[in-house]
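Here the structure is laid out as structure tokens; the discussion comes afterwards.
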Amino acid sequence: MPRKFDTDEKSQIQQKLLEAGRSLFSRYGFKKTNVGELAKAAGIASGTFYLFYRSKEELFFDLMEEEEQAIQQIVLRQLENASKSKEAFRLFFKEGFRLMTENPILREVLLPEQFEAIVRKLPPDKLERNYATDVRKLEPLIRQWQAEGILRTDMTPELIVSMLRSIILLSLHKQTIGDAVYEATMDALITTVADGLAAKKGV
């Protein structure tokens, strides 16, 4: 019979699993890391792992959300000291994209075969919550910039967040776009979308 853990023990094990995942996924990649290795690194039995996660994909997704939130905090802190302008929004967009593509955990998601494998194993409601969380975190900033005349007011925060996420997902097609022109293409695309979201008087 599986052992029952109290609230503190569950919290400690959860944290150990996240730390193990961050270390192993960063070092060996998502595909080459298995549940047994994650459990061993966290100091628990393989069977115990499944009391917390149904798959390594779910653990990876939780870790991915932590990394996303950390990047959002970094970029938002930078914005606090920046001038409120269309250029600041463009730089916010570019810096967020740069940090995400350089992060060893998030970079795994941006590999097409990894992305599909991870998403396929996740419950739909988990993906929906991730989108809702992004909207909730960014909505106050978006509405503030709309009120200050920096962003267009004819688009909802949900639509703006969806457009920002679409740029990230487009990076899944790096090989299709072509390595030689990928960086220039993404830079131009980010600038075009950022300019398109900016209010005409937000200069």
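Identifiers in the structure tokens: chain A, B, ... in order shown; residue index from 1 per chain; ligand index from 1 in order shown.
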
Exercise. Which neighbours of Arg143 in chain A fall inside 10 Å, counting only C-alpha atoms, when residues of the same chain fewer than 4 positions from it are skipped, and could you give them as a PyMOL selection string?
Worked result: chain A and resi 138-139+147-153+156-157

For this session: Write out as number ranges by chain the residues lying within 12 Å of Met155 in chain A, counting only C-alpha atoms and excluding same-chain residues fewer than 3 positions away.
Result: A: 139, 142-143, 146, 151-152, 158-163, 196-199

Seminar exercise, completed: With distances taken over only C-alpha atoms, the candidate from A:Leu141, A:Met186, A:Ile44, A:Ile177 nearest Phe89 in chain A is A:Leu141

Problem set entry | Backbone-only DSSP, alpha helix (DSSP H) members of range 21-62 of chain A, as a PyMOL selection string | chain A and resi 21-28+35-42+46-49+56-62

Exercise. Could you name the residues that touch range 69-73 of chain A at 9 Å or less, counting only C-alpha atoms, but leaving out those on the same chain fewer than 2 positions away, as a list of chain:residue names?
Worked result: A:Met64, A:Glu65, A:Glu66, A:Glu67, A:Val75, A:Leu76, A:Arg77, A:Gln78, A:Gly96, A:Leu99, A:Met100, A:Asp134, A:Lys137, A:Leu138

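CA of Ala117 in chain A is found 25.4 Å from CA of Glu183 in chain A.
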
Exercise. Got a sec: who's within 12 Å of Thr191 in chain A, counting only C-alpha atoms, leaving out chain neighbours fewer than 2 positions off, as a PyMOL selection string?
Worked result: chain A and resi 86-95+97+164+167+184-189+193-198

Export of prior selection with N, CA and C atoms as a tab-separated table (two decimals), in the first residue's frame:
chain	number	residue	atom	x	y	z
A	86	LYS	N	6.39	53.20	-27.09
A	86	LYS	CA	6.27	52.10	-28.04
A	86	LYS	C	7.58	51.32	-28.11
A	87	GLU	N	8.70	52.03	-28.05
A	87	GLU	CA	10.00	51.38	-28.11
A	87	GLU	C	10.21	50.48	-26.89
A	88	ALA	N	9.73	50.91	-25.72
A	88	ALA	CA	9.86	50.09	-24.51
A	88	ALA	C	9.07	48.80	-24.66
A	89	PHE	N	7.88	48.89	-25.27
A	89	PHE	CA	7.08	47.69	-25.49
A	89	PHE	C	7.78	46.75	-26.45
A	90	ARG	N	8.38	47.30	-27.50
A	90	ARG	CA	9.10	46.48	-28.47
A	90	ARG	C	10.28	45.77	-27.80
A	91	LEU	N	11.00	46.48	-26.95
A	91	LEU	CA	12.14	45.89	-26.25
A	91	LEU	C	11.69	44.84	-25.24
A	92	PHE	N	10.55	45.10	-24.58
A	92	PHE	CA	9.96	44.13	-23.64
A	92	PHE	C	9.68	42.82	-24.37
A	93	PHE	N	9.10	42.93	-25.53
A	93	PHE	CA	8.76	41.78	-26.36
A	93	PHE	C	10.03	41.01	-26.75
A	94	LYS	N	11.02	41.75	-27.26
A	94	LYS	CA	12.26	41.11	-27.73
A	94	LYS	C	13.05	40.48	-26.58
A	95	GLU	N	13.10	41.16	-25.44
A	95	GLU	CA	13.86	40.63	-24.31
A	95	GLU	C	13.20	39.37	-23.76
A	97	PHE	N	11.39	37.25	-25.44
A	97	PHE	CA	11.64	36.18	-26.41
A	97	PHE	C	13.07	35.67	-26.29
A	164	LEU	N	1.34	37.46	-28.72
A	164	LEU	CA	2.69	37.32	-28.17
A	164	LEU	C	3.08	35.84	-28.09
A	167	ILE	N	4.13	34.23	-31.45
A	167	ILE	CA	5.51	34.46	-31.87
A	167	ILE	C	6.42	33.38	-31.28
A	184	ALA	N	17.05	36.96	-38.18
A	184	ALA	CA	16.62	38.20	-38.82
A	184	ALA	C	15.11	38.19	-39.04
A	185	THR	N	14.56	37.02	-39.39
A	185	THR	CA	13.12	36.89	-39.61
A	185	THR	C	12.36	37.14	-38.31
A	186	MET	N	12.80	36.49	-37.22
A	186	MET	CA	12.11	36.64	-35.94
A	186	MET	C	12.22	38.07	-35.43
A	187	ASP	N	13.37	38.68	-35.61
A	187	ASP	CA	13.55	40.06	-35.17
A	187	ASP	C	12.61	40.99	-35.92
A	188	ALA	N	12.52	40.80	-37.24
A	188	ALA	CA	11.64	41.63	-38.05
A	188	ALA	C	10.18	41.38	-37.71
A	189	LEU	N	9.85	40.11	-37.45
A	189	LEU	CA	8.47	39.76	-37.13
A	189	LEU	C	8.05	40.36	-35.78
A	193	VAL	N	5.00	42.99	-35.33
A	193	VAL	CA	3.86	42.74	-34.44
A	193	VAL	C	3.79	43.82	-33.36
A	194	ALA	N	4.94	44.14	-32.76
A	194	ALA	CA	4.97	45.17	-31.72
A	194	ALA	C	4.48	46.51	-32.27
A	195	ASP	N	4.94	46.86	-33.47
A	195	ASP	CA	4.49	48.12	-34.09
A	195	ASP	C	3.00	48.06	-34.40
A	196	GLY	N	2.52	46.89	-34.80
A	196	GLY	CA	1.10	46.74	-35.11
A	196	GLY	C	0.21	46.84	-33.88
A	197	LEU	N	0.75	46.46	-32.72
A	197	LEU	CA	-0.02	46.54	-31.48
A	197	LEU	C	0.02	47.93	-30.87
A	198	ALA	N	0.99	48.72	-31.28
A	198	ALA	CA	1.16	50.06	-30.70
A	198	ALA	C	0.11	51.02	-31.23

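Counting only C-alpha atoms, the residue from A:Phe60, A:Tyr182, A:Tyr131, A:Phe49 that sits nearest to Gly29 in chain A is A:Phe60.
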
For this session: List the neighbours of Phe30 in chain A out to 12 Å using only C-alpha atoms; skip same-chain residues closer than 2 positions along the sequence, and give me the result as a PyMOL selection string.
Result: chain A and resi 21-28+32-35+37-38+56-61+63-64+104-111+113-115+117-118

Now that the selection is made, can you save its residues with N, CA and C atoms as an mmCIF file, in the first residue's frame?
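Output below, filename selection.cif:
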data_model
loop_
_atom_site.group_PDB
_atom_site.id
_atom_site.type_symbol
_atom_site.label_atom_id
_atom_site.label_comp_id
_atom_site.auth_asym_id
_atom_site.auth_seq_id
_atom_site.Cartn_x
_atom_site.Cartn_y
_atom_site.Cartn_z
ATOM 1 N N GLY A 21 14.142 17.786 -11.706
ATOM 2 C CA GLY A 21 13.781 18.010 -13.098
ATOM 3 C C GLY A 21 14.588 19.126 -13.725
ATOM 4 N N ARG A 22 14.748 20.215 -12.996
ATOM 5 C CA ARG A 22 15.517 21.347 -13.527
ATOM 6 C C ARG A 22 16.955 20.926 -13.836
ATOM 7 N N SER A 23 17.534 20.138 -12.940
ATOM 8 C CA SER A 23 18.917 19.689 -13.124
ATOM 9 C C SER A 23 19.052 18.690 -14.271
ATOM 10 N N LEU A 24 18.214 17.656 -14.261
ATOM 11 C CA LEU A 24 18.351 16.583 -15.255
ATOM 12 C C LEU A 24 17.897 17.004 -16.649
ATOM 13 N N PHE A 25 16.777 17.717 -16.730
ATOM 14 C CA PHE A 25 16.300 18.163 -18.038
ATOM 15 C C PHE A 25 17.296 19.133 -18.672
ATOM 16 N N SER A 26 17.893 20.000 -17.846
ATOM 17 C CA SER A 26 18.871 20.959 -18.372
ATOM 18 C C SER A 26 20.131 20.252 -18.848
ATOM 19 N N ARG A 27 20.532 19.202 -18.109
ATOM 20 C CA ARG A 27 21.791 18.520 -18.416
ATOM 21 C C ARG A 27 21.656 17.518 -19.556
ATOM 22 N N TYR A 28 20.577 16.717 -19.510
ATOM 23 C CA TYR A 28 20.454 15.619 -20.477
ATOM 24 C C TYR A 28 19.354 15.825 -21.516
ATOM 25 N N LYS A 32 15.967 12.255 -22.997
ATOM 26 C CA LYS A 32 16.901 11.297 -22.407
ATOM 27 C C LYS A 32 16.746 11.153 -20.895
ATOM 28 N N THR A 33 15.820 11.873 -20.312
ATOM 29 C CA THR A 33 15.582 11.784 -18.868
ATOM 30 C C THR A 33 14.337 10.946 -18.616
ATOM 31 N N ASN A 34 14.440 9.947 -17.730
ATOM 32 C CA ASN A 34 13.272 9.110 -17.446
ATOM 33 C C ASN A 34 12.809 9.271 -15.999
ATOM 34 N N VAL A 35 11.651 8.706 -15.718
ATOM 35 C CA VAL A 35 11.029 8.837 -14.396
ATOM 36 C C VAL A 35 11.919 8.261 -13.302
ATOM 37 N N GLU A 37 15.148 8.121 -13.121
ATOM 38 C CA GLU A 37 16.243 9.050 -12.822
ATOM 39 C C GLU A 37 15.743 10.257 -12.039
ATOM 40 N N LEU A 38 14.564 10.735 -12.390
ATOM 41 C CA LEU A 38 13.977 11.872 -11.677
ATOM 42 C C LEU A 38 13.680 11.505 -10.229
ATOM 43 N N LYS A 56 6.286 12.254 -16.766
ATOM 44 C CA LYS A 56 7.383 13.229 -16.693
ATOM 45 C C LYS A 56 7.004 14.499 -17.453
ATOM 46 N N GLU A 57 6.070 14.367 -18.401
ATOM 47 C CA GLU A 57 5.609 15.535 -19.149
ATOM 48 C C GLU A 57 4.932 16.548 -18.220
ATOM 49 N N GLU A 58 4.150 16.044 -17.255
ATOM 50 C CA GLU A 58 3.470 16.952 -16.333
ATOM 51 C C GLU A 58 4.469 17.659 -15.428
ATOM 52 N N LEU A 59 5.484 16.928 -14.963
ATOM 53 C CA LEU A 59 6.536 17.556 -14.159
ATOM 54 C C LEU A 59 7.255 18.621 -14.984
ATOM 55 N N PHE A 60 7.583 18.285 -16.213
ATOM 56 C CA PHE A 60 8.280 19.228 -17.081
ATOM 57 C C PHE A 60 7.437 20.483 -17.288
ATOM 58 N N PHE A 61 6.130 20.304 -17.456
ATOM 59 C CA PHE A 61 5.250 21.443 -17.700
ATOM 60 C C PHE A 61 5.202 22.364 -16.484
ATOM 61 N N LEU A 63 7.549 22.721 -14.319
ATOM 62 C CA LEU A 63 8.856 23.371 -14.295
ATOM 63 C C LEU A 63 8.919 24.475 -15.348
ATOM 64 N N MET A 64 8.356 24.216 -16.496
ATOM 65 C CA MET A 64 8.305 25.206 -17.565
ATOM 66 C C MET A 64 7.547 26.452 -17.112
ATOM 67 N N PRO A 104 17.522 26.910 -20.729
ATOM 68 C CA PRO A 104 17.723 25.491 -21.065
ATOM 69 C C PRO A 104 16.468 24.636 -20.942
ATOM 70 N N ILE A 105 15.555 25.013 -20.053
ATOM 71 C CA ILE A 105 14.303 24.267 -19.908
ATOM 72 C C ILE A 105 13.346 24.623 -21.035
ATOM 73 N N LEU A 106 13.106 25.901 -21.219
ATOM 74 C CA LEU A 106 12.152 26.334 -22.240
ATOM 75 C C LEU A 106 12.637 26.022 -23.646
ATOM 76 N N ARG A 107 13.942 25.980 -23.821
ATOM 77 C CA ARG A 107 14.490 25.642 -25.138
ATOM 78 C C ARG A 107 14.073 24.235 -25.562
ATOM 79 N N GLU A 108 13.895 23.347 -24.580
ATOM 80 C CA GLU A 108 13.450 21.982 -24.882
ATOM 81 C C GLU A 108 12.056 21.991 -25.501
ATOM 82 N N VAL A 109 11.195 22.877 -24.999
ATOM 83 C CA VAL A 109 9.826 22.957 -25.513
ATOM 84 C C VAL A 109 9.808 23.482 -26.936
ATOM 85 N N LEU A 110 10.811 24.271 -27.283
ATOM 86 C CA LEU A 110 10.840 24.885 -28.605
ATOM 87 C C LEU A 110 11.381 23.962 -29.690
ATOM 88 N N LEU A 111 11.682 22.712 -29.320
ATOM 89 C CA LEU A 111 12.015 21.695 -30.317
ATOM 90 C C LEU A 111 10.703 21.055 -30.763
ATOM 91 N N GLU A 113 9.600 18.250 -32.070
ATOM 92 C CA GLU A 113 9.247 16.899 -31.643
ATOM 93 C C GLU A 113 9.003 16.830 -30.142
ATOM 94 N N GLN A 114 9.736 17.650 -29.361
ATOM 95 C CA GLN A 114 9.549 17.676 -27.915
ATOM 96 C C GLN A 114 8.215 18.317 -27.573
ATOM 97 N N PHE A 115 7.918 19.424 -28.230
ATOM 98 C CA PHE A 115 6.676 20.151 -27.966
ATOM 99 C C PHE A 115 5.470 19.249 -28.171
ATOM 100 N N ALA A 117 5.356 15.951 -28.174
ATOM 101 C CA ALA A 117 5.355 14.848 -27.211
ATOM 102 C C ALA A 117 4.852 15.307 -25.852
ATOM 103 N N ILE A 118 5.248 16.503 -25.443
ATOM 104 C CA ILE A 118 4.841 17.029 -24.141
ATOM 105 C C ILE A 118 3.357 17.369 -24.133
#
